[in-house]
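Structure below is my_file.cif: mmCIF, C-alpha atoms and all ligand atoms.
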data_final
#
loop_
_atom_site.label_atom_id
_atom_site.label_comp_id
_atom_site.auth_asym_id
_atom_site.auth_seq_id
_atom_site.Cartn_x
_atom_site.Cartn_y
_atom_site.Cartn_z
CA MET A 1 -13.50 18.12 106.29
CA ASP A 2 -16.59 15.91 106.35
CA ARG A 3 -18.59 16.75 103.24
CA THR A 4 -21.50 14.39 103.92
CA PRO A 5 -24.53 16.37 102.72
CA LEU A 6 -27.03 17.69 105.22
CA ILE A 7 -29.99 15.34 105.62
CA ASP A 8 -32.55 15.94 108.35
CA PRO A 9 -34.15 13.28 110.59
CA PHE A 10 -37.06 12.93 108.14
CA ALA A 11 -34.72 12.11 105.25
CA ARG A 12 -35.11 15.54 103.65
CA PRO A 13 -31.89 16.81 102.05
CA ILE A 14 -31.20 20.44 102.95
CA SER A 15 -30.25 22.07 99.69
CA TYR A 16 -31.73 25.54 100.02
CA LEU A 17 -30.60 28.30 102.37
CA ARG A 18 -32.38 31.61 102.72
CA VAL A 19 -30.28 34.29 104.32
CA SER A 20 -31.46 37.55 105.77
CA VAL A 21 -28.55 39.98 105.48
CA THR A 22 -30.19 42.87 107.31
CA ASP A 23 -33.30 43.58 109.36
CA ARG A 24 -33.43 47.13 107.98
CA CYS A 25 -35.52 48.35 105.12
CA ASP A 26 -36.34 51.52 103.24
CA PHE A 27 -40.05 50.57 103.28
CA ARG A 28 -42.43 49.90 106.16
CA CYS A 29 -44.99 47.53 104.64
CA VAL A 30 -47.94 47.38 107.02
CA TYR A 31 -48.04 43.57 107.20
CA CYS A 32 -44.29 43.31 107.79
CA MET A 33 -43.09 46.15 110.02
CA SER A 34 -44.47 48.70 112.40
CA GLU A 35 -43.88 52.33 111.47
CA ASN A 36 -41.33 52.92 114.19
CA MET A 37 -39.41 49.67 114.13
CA THR A 38 -36.47 49.29 116.45
CA PHE A 39 -33.64 47.69 114.57
CA LEU A 40 -30.86 45.53 115.91
CA PRO A 41 -27.61 47.09 117.08
CA LYS A 42 -25.06 46.88 114.26
CA ALA A 43 -22.65 44.83 116.41
CA ASP A 44 -25.22 42.02 116.57
CA LEU A 45 -25.28 41.66 112.80
CA LEU A 46 -23.02 39.22 111.09
CA THR A 47 -20.34 41.05 109.16
CA LEU A 48 -20.12 40.47 105.42
CA GLU A 49 -17.08 38.26 106.05
CA GLU A 50 -19.03 36.21 108.59
CA LEU A 51 -21.94 35.88 106.18
CA ASP A 52 -19.46 34.64 103.59
CA ARG A 53 -18.01 32.03 105.98
CA LEU A 54 -21.45 30.82 106.97
CA CYS A 55 -22.90 30.61 103.48
CA SER A 56 -19.75 29.00 102.15
CA GLY A 57 -19.99 26.44 104.96
CA PHE A 58 -23.52 25.58 103.92
CA VAL A 59 -22.47 25.33 100.27
CA ARG A 60 -19.73 22.88 101.25
CA LEU A 61 -22.37 20.82 103.04
CA GLY A 62 -24.59 20.54 99.99
CA VAL A 63 -26.62 23.74 99.78
CA GLU A 64 -27.15 24.40 96.07
CA LYS A 65 -29.48 27.35 96.18
CA LEU A 66 -28.91 30.54 98.11
CA ARG A 67 -31.58 33.21 98.39
CA ILE A 68 -30.57 36.54 99.88
CA THR A 69 -33.32 38.47 101.60
CA GLY A 70 -33.97 40.72 104.57
CA GLY A 71 -35.24 43.33 105.47
CA GLU A 72 -34.23 44.85 102.21
CA PRO A 73 -31.00 43.12 101.15
CA LEU A 74 -29.97 45.90 98.78
CA VAL A 75 -29.85 48.52 101.54
CA ARG A 76 -27.14 46.61 103.42
CA LYS A 77 -23.90 48.54 103.09
CA GLY A 78 -21.35 46.73 100.94
CA ILE A 79 -23.81 44.06 99.90
CA MET A 80 -22.40 43.85 96.38
CA THR A 81 -19.09 42.70 97.87
CA PHE A 82 -21.01 39.80 99.37
CA PHE A 83 -22.79 38.94 96.10
CA ARG A 84 -19.47 39.09 94.30
CA ALA A 85 -17.95 36.75 96.88
CA MET A 86 -20.82 34.28 96.57
CA SER A 87 -20.50 34.25 92.79
CA ARG A 88 -17.32 32.19 93.19
CA HIS A 89 -19.51 29.25 94.27
CA LEU A 90 -21.50 29.59 91.06
CA GLU A 91 -18.29 29.59 89.09
CA SER A 92 -17.06 26.47 90.88
CA GLY A 93 -20.38 24.77 90.11
CA GLU A 94 -21.11 23.99 93.77
CA LEU A 95 -23.96 26.48 93.86
CA ARG A 96 -26.64 26.09 91.23
CA GLU A 97 -28.47 29.30 91.96
CA LEU A 98 -27.80 32.59 93.67
CA THR A 99 -30.81 34.83 93.91
CA LEU A 100 -32.53 37.47 95.99
CA THR A 101 -35.89 38.77 97.10
CA THR A 102 -36.11 42.53 96.99
CA ASN A 103 -38.62 45.34 97.17
CA GLY A 104 -37.05 46.67 93.95
CA SER A 105 -36.24 50.16 95.19
CA GLN A 106 -32.48 49.84 94.59
CA LEU A 107 -32.54 47.81 91.39
CA ARG A 108 -31.78 50.73 89.10
CA LYS A 109 -28.50 51.04 90.97
CA TYR A 110 -27.59 47.35 91.26
CA ALA A 111 -29.33 45.25 88.59
CA ALA A 112 -26.44 45.20 86.13
CA GLU A 113 -23.91 44.28 88.81
CA LEU A 114 -26.20 41.56 90.16
CA ALA A 115 -26.43 40.07 86.67
CA ASP A 116 -22.66 40.28 86.42
CA CYS A 117 -22.38 38.25 89.64
CA GLY A 118 -24.26 35.40 87.97
CA ILE A 119 -27.74 36.14 89.24
CA ARG A 120 -30.30 35.14 86.64
CA ARG A 121 -33.67 35.51 88.35
CA ILE A 122 -34.93 37.72 91.13
CA ASN A 123 -38.14 38.05 93.10
CA VAL A 124 -39.60 41.52 93.42
CA SER A 125 -42.41 42.16 95.89
CA LEU A 126 -45.22 44.29 94.52
CA ASP A 127 -48.74 44.26 95.89
CA THR A 128 -50.42 46.92 93.76
CA LEU A 129 -49.98 48.94 90.57
CA ASP A 130 -51.76 51.94 92.01
CA ALA A 131 -49.32 54.63 93.16
CA GLN A 132 -51.43 55.82 96.10
CA LYS A 133 -52.19 52.30 97.30
CA PHE A 134 -48.51 51.45 96.95
CA ALA A 135 -47.61 54.40 99.14
CA ASP A 136 -50.26 53.33 101.66
CA ILE A 137 -49.18 49.69 101.93
CA THR A 138 -45.42 50.31 101.96
CA ARG A 139 -45.75 53.58 103.93
CA TRP A 140 -42.38 54.83 102.61
CA GLY A 141 -42.19 53.38 99.10
CA ARG A 142 -42.72 54.96 95.70
CA LEU A 143 -44.24 52.90 92.92
CA ASP A 144 -42.44 54.67 90.07
CA GLN A 145 -39.07 53.92 91.66
CA VAL A 146 -39.89 50.23 91.93
CA LEU A 147 -41.26 50.00 88.39
CA ASP A 148 -38.11 51.69 87.15
CA GLY A 149 -36.05 49.19 89.16
CA ILE A 150 -37.93 46.32 87.54
CA GLU A 151 -37.22 47.86 84.14
CA ALA A 152 -33.53 48.06 85.05
CA ALA A 153 -33.60 44.38 85.96
CA ARG A 154 -35.06 43.55 82.56
CA GLU A 155 -32.42 45.66 80.82
CA ALA A 156 -29.77 43.71 82.72
CA GLY A 157 -31.24 40.44 81.49
CA LEU A 158 -32.63 39.33 84.86
CA ARG A 159 -35.88 37.38 84.92
CA VAL A 160 -38.34 38.89 87.36
CA LYS A 161 -40.91 37.07 89.42
CA ILE A 162 -43.43 39.33 91.07
CA ASN A 163 -44.51 38.35 94.60
CA THR A 164 -47.87 39.75 95.60
CA VAL A 165 -49.30 39.40 99.08
CA ALA A 166 -53.05 38.77 98.73
CA LEU A 167 -54.80 41.26 100.97
CA LYS A 168 -58.51 41.36 101.49
CA GLY A 169 -60.05 44.72 100.71
CA PHE A 170 -56.73 45.96 99.34
CA ASN A 171 -55.74 44.27 96.10
CA GLU A 172 -58.73 42.02 95.44
CA ASP A 173 -59.83 44.39 92.68
CA GLU A 174 -56.36 44.25 91.10
CA LEU A 175 -56.24 40.52 90.53
CA PHE A 176 -56.81 40.77 86.78
CA PRO A 177 -54.91 44.03 86.20
CA LEU A 178 -51.88 42.50 87.95
CA LEU A 179 -52.18 39.34 85.91
CA ASP A 180 -52.48 41.33 82.66
CA TRP A 181 -49.54 43.53 83.54
CA CYS A 182 -47.33 40.51 84.31
CA ALA A 183 -48.40 38.85 81.03
CA ARG A 184 -47.55 42.01 79.07
CA GLU A 185 -44.21 42.47 80.81
CA ASP A 186 -43.42 38.74 80.75
CA HIS A 187 -42.98 38.45 84.52
CA ASP A 188 -43.94 35.35 86.47
CA LEU A 189 -46.39 36.03 89.27
CA THR A 190 -46.81 34.41 92.66
CA PHE A 191 -49.43 35.21 95.24
CA ILE A 192 -48.63 34.87 98.93
CA GLU A 193 -51.14 34.39 101.70
CA VAL A 194 -50.61 36.86 104.52
CA MET A 195 -49.03 35.22 107.55
CA PRO A 196 -49.40 35.94 111.25
CA MET A 197 -45.94 37.39 111.82
CA GLY A 198 -45.02 39.55 114.76
CA ASP A 199 -47.17 41.97 116.68
CA LEU A 200 -47.40 44.97 114.41
CA GLY A 201 -49.87 46.83 116.57
CA ASN A 202 -51.94 47.94 113.59
CA GLU A 203 -54.42 45.94 111.53
CA ASP A 204 -55.50 42.59 112.77
CA ARG A 205 -53.89 40.01 110.49
CA LEU A 206 -57.15 38.11 110.24
CA ASP A 207 -58.91 41.13 108.75
CA GLN A 208 -56.42 41.13 105.88
CA TYR A 209 -56.55 37.43 105.26
CA TRP A 210 -57.62 36.61 101.71
CA SER A 211 -57.40 32.89 101.14
CA LEU A 212 -55.68 31.86 97.94
CA LYS A 213 -58.38 29.27 97.51
CA ASP A 214 -60.80 32.16 96.97
CA LEU A 215 -58.30 34.01 94.82
CA ARG A 216 -57.81 30.95 92.65
CA ALA A 217 -61.57 30.47 92.32
CA ARG A 218 -61.84 34.07 91.11
CA LEU A 219 -59.14 33.44 88.52
CA ALA A 220 -60.88 30.28 87.38
CA GLU A 221 -64.06 32.24 86.63
CA ARG A 222 -62.23 33.90 83.77
CA PHE A 223 -59.41 31.53 82.85
CA THR A 224 -58.70 27.83 82.47
CA LEU A 225 -56.14 26.86 85.10
CA THR A 226 -54.08 23.70 84.82
CA ASP A 227 -52.19 22.43 87.86
CA LEU A 228 -48.50 21.96 87.20
CA ALA A 229 -46.56 19.13 88.78
CA GLU A 230 -43.62 21.47 89.41
CA ARG A 231 -42.55 21.67 93.06
CA SER A 232 -39.97 23.97 94.55
CA GLY A 233 -39.56 22.00 97.77
CA GLY A 234 -41.31 24.91 99.42
CA PRO A 235 -44.84 26.11 99.92
CA ALA A 236 -45.40 27.22 96.30
CA ARG A 237 -47.78 25.46 93.94
CA TYR A 238 -48.09 26.45 90.29
CA VAL A 239 -50.79 26.58 87.65
CA ARG A 240 -50.71 27.49 83.99
CA VAL A 241 -53.21 29.98 82.64
CA GLU A 242 -54.13 28.24 79.38
CA GLU A 243 -55.35 31.40 77.65
CA THR A 244 -52.10 33.33 78.19
CA GLY A 245 -49.56 30.60 78.88
CA GLN A 246 -48.60 32.35 82.12
CA LYS A 247 -47.34 30.44 85.13
CA ILE A 248 -48.92 31.56 88.38
CA GLY A 249 -47.67 30.51 91.81
CA PHE A 250 -49.56 30.25 95.06
CA ILE A 251 -47.77 30.29 98.39
CA THR A 252 -50.22 29.08 100.97
CA PRO A 253 -48.28 28.31 104.12
CA LEU A 254 -51.41 28.42 106.24
CA THR A 255 -53.86 26.29 104.34
CA HIS A 256 -51.60 23.64 102.86
CA ASN A 257 -49.22 21.24 104.36
CA PHE A 258 -46.00 21.43 102.39
CA CYS A 259 -43.66 20.33 105.12
CA GLU A 260 -42.99 16.82 103.84
CA SER A 261 -40.95 18.15 100.94
CA CYS A 262 -39.25 20.98 102.85
CA ASN A 263 -35.64 21.33 101.72
CA ARG A 264 -34.81 24.67 103.33
CA VAL A 265 -33.55 26.44 106.41
CA ARG A 266 -33.37 30.15 107.18
CA LEU A 267 -30.53 32.17 108.59
CA THR A 268 -31.18 35.51 110.24
CA CYS A 269 -28.85 38.48 109.99
CA THR A 270 -27.62 37.73 113.53
CA GLY A 271 -26.68 34.16 112.70
CA GLU A 272 -29.69 32.34 114.11
CA LEU A 273 -30.64 29.33 112.06
CA TYR A 274 -34.36 28.61 111.94
CA MET A 275 -35.02 25.07 110.88
CA CYS A 276 -38.74 25.77 110.33
CA LEU A 277 -40.54 29.02 109.51
CA GLY A 278 -43.39 28.11 111.84
CA GLN A 279 -41.43 27.02 114.91
CA GLU A 280 -39.54 28.97 117.54
CA ASP A 281 -36.62 26.55 117.73
CA MET A 282 -33.37 27.94 116.37
CA ALA A 283 -29.65 27.40 116.62
CA ASP A 284 -27.17 30.17 117.26
CA LEU A 285 -24.43 29.91 114.65
CA ARG A 286 -22.82 33.23 115.47
CA ALA A 287 -21.20 31.93 118.67
CA PRO A 288 -19.39 28.98 117.02
CA LEU A 289 -18.53 31.25 114.10
CA ARG A 290 -16.92 33.84 116.35
CA ALA A 291 -15.37 31.31 118.72
CA SER A 292 -12.83 30.07 116.21
CA PRO A 293 -11.43 31.04 112.83
CA ASP A 294 -11.53 27.38 111.94
CA ASP A 295 -14.86 26.14 110.55
CA ALA A 296 -14.98 22.84 112.45
CA LEU A 297 -17.06 24.24 115.34
CA LEU A 298 -19.39 25.97 112.92
CA GLU A 299 -19.88 22.86 110.88
CA SER A 300 -20.76 20.70 113.85
CA ALA A 301 -23.21 23.38 115.03
CA ILE A 302 -24.86 23.32 111.59
CA ARG A 303 -25.10 19.53 111.65
CA ALA A 304 -26.53 19.53 115.17
CA ALA A 305 -29.14 22.10 114.11
CA ILE A 306 -30.24 20.14 111.04
CA ALA A 307 -30.61 17.07 113.23
CA ARG A 308 -33.28 19.05 115.13
CA LYS A 309 -35.29 20.15 112.07
CA PRO A 310 -38.90 19.48 113.02
CA LYS A 311 -41.37 17.58 110.91
CA GLY A 312 -43.71 20.51 110.34
CA HIS A 313 -45.22 23.76 111.49
CA ASP A 314 -48.22 24.85 113.51
CA PHE A 315 -49.87 27.79 111.76
CA ASP A 316 -53.62 27.46 111.87
CA TYR A 317 -56.29 29.99 111.03
CA SER A 318 -59.02 27.37 111.03
CA ARG A 319 -60.43 28.19 114.43
CA GLN A 320 -60.50 31.88 113.54
CA SER A 321 -57.87 32.72 116.04
CA VAL A 322 -54.25 33.10 115.17
CA THR A 323 -52.83 30.05 116.83
CA GLY A 324 -49.23 29.20 116.23
CA GLN A 325 -48.61 32.91 115.79
CA MET A 326 -44.97 33.77 115.59
CA SER A 327 -43.55 36.59 117.64
CA ARG A 328 -40.75 37.33 115.20
CA HIS A 329 -41.14 39.45 112.09
CA MET A 330 -40.67 38.32 108.49
CA SER A 331 -37.94 40.92 108.19
CA HIS A 332 -36.08 39.01 110.90
CA THR A 333 -36.34 35.51 109.44
CA GLY A 334 -36.30 36.80 105.90
CA GLY A 335 -39.67 35.79 104.47
N1 LIG B 1 -37.67 43.42 101.41
C1 LIG B 1 -37.72 42.35 100.50
C2 LIG B 1 -39.08 42.25 99.85
O1 LIG B 1 -40.01 42.91 100.30
O2 LIG B 1 -39.19 41.50 98.89
C3 LIG B 1 -37.34 41.00 101.11
C4 LIG B 1 -37.83 40.70 102.48
S1 LIG B 1 -39.59 40.53 102.64
C5 LIG B 1 -39.73 40.17 104.36
C6 LIG B 1 -39.88 38.99 101.82
C7 LIG B 1 -41.31 38.71 101.44
O3 LIG B 1 -42.08 38.54 102.60
C8 LIG B 1 -41.99 39.81 100.64
O4 LIG B 1 -42.51 39.27 99.44
C9 LIG B 1 -43.12 40.27 101.53
O5 LIG B 1 -44.24 40.66 100.79
C10 LIG B 1 -43.37 39.05 102.35
N2 LIG B 1 -44.02 39.30 103.63
C11 LIG B 1 -43.67 40.16 104.60
N3 LIG B 1 -44.52 40.08 105.65
C12 LIG B 1 -45.43 39.14 105.33
C13 LIG B 1 -46.57 38.59 105.99
N4 LIG B 1 -46.93 39.00 107.18
N5 LIG B 1 -47.26 37.62 105.34
C14 LIG B 1 -46.90 37.17 104.10
N6 LIG B 1 -45.84 37.65 103.44
C15 LIG B 1 -45.12 38.63 104.03
FE1 LIG B 2 -39.32 45.94 103.75
FE2 LIG B 2 -39.83 43.75 102.36
FE3 LIG B 2 -40.82 44.04 104.84
FE4 LIG B 2 -41.78 45.54 102.90
S1 LIG B 2 -41.91 43.31 103.03
S2 LIG B 2 -41.14 46.26 104.94
S3 LIG B 2 -40.03 45.85 101.65
S4 LIG B 2 -38.70 43.86 104.31
#

What would you get if you wrote out this structure as structure tokens?
Ligand code: SAM
Ligand code: SF4
Amino acid sequence: MDRTPLIDPFARPISYLRVSVTDRCDFRCVYCMSENMTFLPKADLLTLEELDRLCSGFVRLGVEKLRITGGEPLVRKGIMTFFRAMSRHLESGELRELTLTTNGSQLRKYAAELADCGIRRINVSLDTLDAQKFADITRWGRLDQVLDGIEAAREAGLRVKINTVALKGFNEDELFPLLDWCAREDHDLTFIEVMPMGDLGNEDRLDQYWSLKDLRARLAERFTLTDLAERSGGPARYVRVEETGQKIGFITPLTHNFCESCNRVRLTCTGELYMCLGQEDMADLRAPLRASPDDALLESAIRAAIARKPKGHDFDYSRQSVTGQMSRHMSHTGG
């Protein structure tokens, strides 16, 4: 088997795969899903065995970091079997990191087992510390359950990074309380700019848009922020809060161009590989996967897809209209 690592046409090595293992979720966050989402028929989803074959294929071709997401990854039936299977790549040393992004609702149940599978750090999405606001934004979620899940993660020895979507008129007033809470609990914190994903038929995405430039300026009124050189190969930039020593991340896919260092591709739960979060082009990997038990077809489909990875994306809020808006939901491509 040809083990030449995946390098795209712009000389970017592809070392990071994000995998959505389900489009389903036990929450209905207003910026992510409509209240009455229609989910994919089960037969369209990759089975856990197929997910294993696909991810293992990518690991063979040089992927060193695997992030499992969704939908809510921990509501996928049998998902721990999959994490357990992936842990063999950590043991072999081929995979450097196995991690997940979760809404935290199932962590009480799974945190210890996740830690046992070699997971060291997880991202938990949390936009507010106010129980009523939490119920409003997630529609179906309960704050106490998520906070308890985060506590379970800590007990299991997992490091937690909190991901907070910056939403105008929603959590602007919680900027400092969130920061203080994360400092007290020793969680890293990253803010995400809301993205124009899917047609949710509720709030206009532009109404919720709170630029992280403004958010950062607000932080700088109270704290000294030092830019850190650290890069993840993705859209995150980091600062250190000198007064507390905290590291704060900013994910600004709309206002910054991070494409030149992009090292990642995204796989949906139906086996579509998106080479760029902001472009419609994708490659179907399910067909070659199902066509043959041998991985040769799959591997050439992966290589052909990477050869099409575009230079960059087209999101643009600057003209106050959502150009480059994507029709697919974050829960489909996996955030
Ligand atoms: N259910 C898990 C969770 O909430 O962490 C994983 C999937 S979720 C789609 C991944 C991330 O995408 C979450 O941090 C969520 O806040 C973020 N997200 C969803 N819709 C978004 C949007 N329209 N703009 C920006 N971030 C979004
Ligand atoms: Fe579910 Fe995560 Fe989307 Fe919220 S952001 S609806 S938790 S997938």

Practice task
Compute the set of protein, DNA and RNA residues whose minimum atom distance to ligand LIG 2 (chain B) is at most 7 Å, using only C-alpha atoms and all ligand atoms, and state it as a ChimeraX atom specification.
Solution key: /A:25-29,32-33,70-72,102-103,138,330-331

Practice task
Find the spatial neighbours of Arg120 (chain A), counting all atoms listed in the file, within a cut-off of 12 Å - ignore same-chain residues fewer than 3 positions away - and output them as a PyMOL selection string.
Solution key: chain A and resi 67+87+90+96-100+111-117+123+153-154+156-161

Skipping near chain neighbours, those fewer than 5 positions away, what residues fall within 12 Å of Met86 (chain A) using only C-alpha atoms, listed as a short mmCIF file (atom, residue, chain, number, x, y, z; two decimals) with C-alpha atoms, in the frame of the given file?
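Once written, selection00.cif looks like this:
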data_model
loop_
_atom_site.label_atom_id
_atom_site.label_comp_id
_atom_site.auth_asym_id
_atom_site.auth_seq_id
_atom_site.Cartn_x
_atom_site.Cartn_y
_atom_site.Cartn_z
CA LEU A 48 -20.12 40.47 105.42
CA GLU A 49 -17.08 38.26 106.05
CA LEU A 51 -21.94 35.88 106.18
CA ASP A 52 -19.46 34.64 103.59
CA ARG A 53 -18.01 32.03 105.98
CA LEU A 54 -21.45 30.82 106.97
CA CYS A 55 -22.90 30.61 103.48
CA SER A 56 -19.75 29.00 102.15
CA GLY A 57 -19.99 26.44 104.96
CA PHE A 58 -23.52 25.58 103.92
CA VAL A 59 -22.47 25.33 100.27
CA GLU A 64 -27.15 24.40 96.07
CA LYS A 65 -29.48 27.35 96.18
CA LEU A 66 -28.91 30.54 98.11
CA ARG A 67 -31.58 33.21 98.39
CA ILE A 68 -30.57 36.54 99.88
CA ILE A 79 -23.81 44.06 99.90
CA MET A 80 -22.40 43.85 96.38
CA THR A 81 -19.09 42.70 97.87
CA GLU A 91 -18.29 29.59 89.09
CA SER A 92 -17.06 26.47 90.88
CA GLY A 93 -20.38 24.77 90.11
CA GLU A 94 -21.11 23.99 93.77
CA LEU A 95 -23.96 26.48 93.86
CA ARG A 96 -26.64 26.09 91.23
CA GLU A 97 -28.47 29.30 91.96
CA LEU A 98 -27.80 32.59 93.67
CA THR A 99 -30.81 34.83 93.91
CA LEU A 114 -26.20 41.56 90.16
CA ASP A 116 -22.66 40.28 86.42
CA CYS A 117 -22.38 38.25 89.64
CA GLY A 118 -24.26 35.40 87.97
CA ILE A 119 -27.74 36.14 89.24
#

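Pairwise distance (CA of Arg240 (chain A), CA of Arg266 (chain A)) equals 29.1 Å.
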
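Proximity to ligand LIG 1 (chain B) was assessed for A:Asn163, A:Ser211, A:Thr190, A:Asn171 counting all atoms listed in the file; the smallest distance is recorded for A:Asn163.
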
Completion exercise
Correct to one decimal, the distance CA of Val146 (chain A)-CA of Met195 (chain A) is 23.5 Å

Handout entry: Residue nearest Glu260 (chain A) - candidates A:Arg24, A:Arg142, A:Lys311, A:Arg84, atoms counted: all atoms listed in the file
Key = A:Lys311

Completion exercise
For ligand LIG 1 (chain B), the closest of A:Gly62, A:Pro310, A:Pro73, A:Pro288 counting all atoms listed in the file is A:Pro73

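Put simply, CA of Gly233 (chain A) is 20.0 Å away from CA of Val124 (chain A).
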
Practice task
Would you list the contacts of region 3-6 of chain A as a PyMOL selection string, taking every protein, DNA or RNA residue within 6 Å and counting all atoms listed in the file, but skipping same-chain residues closer than 2 positions in sequence?
Solution key: chain A and resi 13-14+61-62

Handout entry: Test item: residues at most 7 Å from Lys247 (chain A), all atoms listed in the file, excluding those fewer than 5 positions along its chain, as a VMD selection string
Key = chain A and resid 188 238 to 241

Could you write out that same residue set with C-alpha atoms as a PDB file, keeping the file's coordinate frame?
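Output contents, as saved in out.pdb:
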ATOM      1  CA  ASP A 188     -43.940  35.350  86.470  1.00  0.00           C
ATOM      2  CA  TYR A 238     -48.090  26.450  90.290  1.00  0.00           C
ATOM      3  CA  VAL A 239     -50.790  26.580  87.650  1.00  0.00           C
ATOM      4  CA  ARG A 240     -50.710  27.490  83.990  1.00  0.00           C
ATOM      5  CA  VAL A 241     -53.210  29.980  82.640  1.00  0.00           C
TER       6      VAL A 241
END

Exercise for the section: Could you check which of A:Leu17, A:Ile251, A:Ile7, A:Leu167 is closest to Thr268 (chain A), using all atoms listed in the file? Expected result: A:Leu17

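Those residues that approach Cys259 (chain A) to within 10 Å, counting only C-alpha atoms, are Arg12, Gly233, Gly234, Pro235, Pro253, Cys276, Pro310, Lys311, Gly312 and His313 of chain A; same-chain residues fewer than 6 positions away are not listed.
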
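With all atoms listed in the file as the basis for measurement, A:Val30 is the residue among A:Val30, A:Val21, A:Ala152, A:Leu277 that approaches Arg139 (chain A) most closely.
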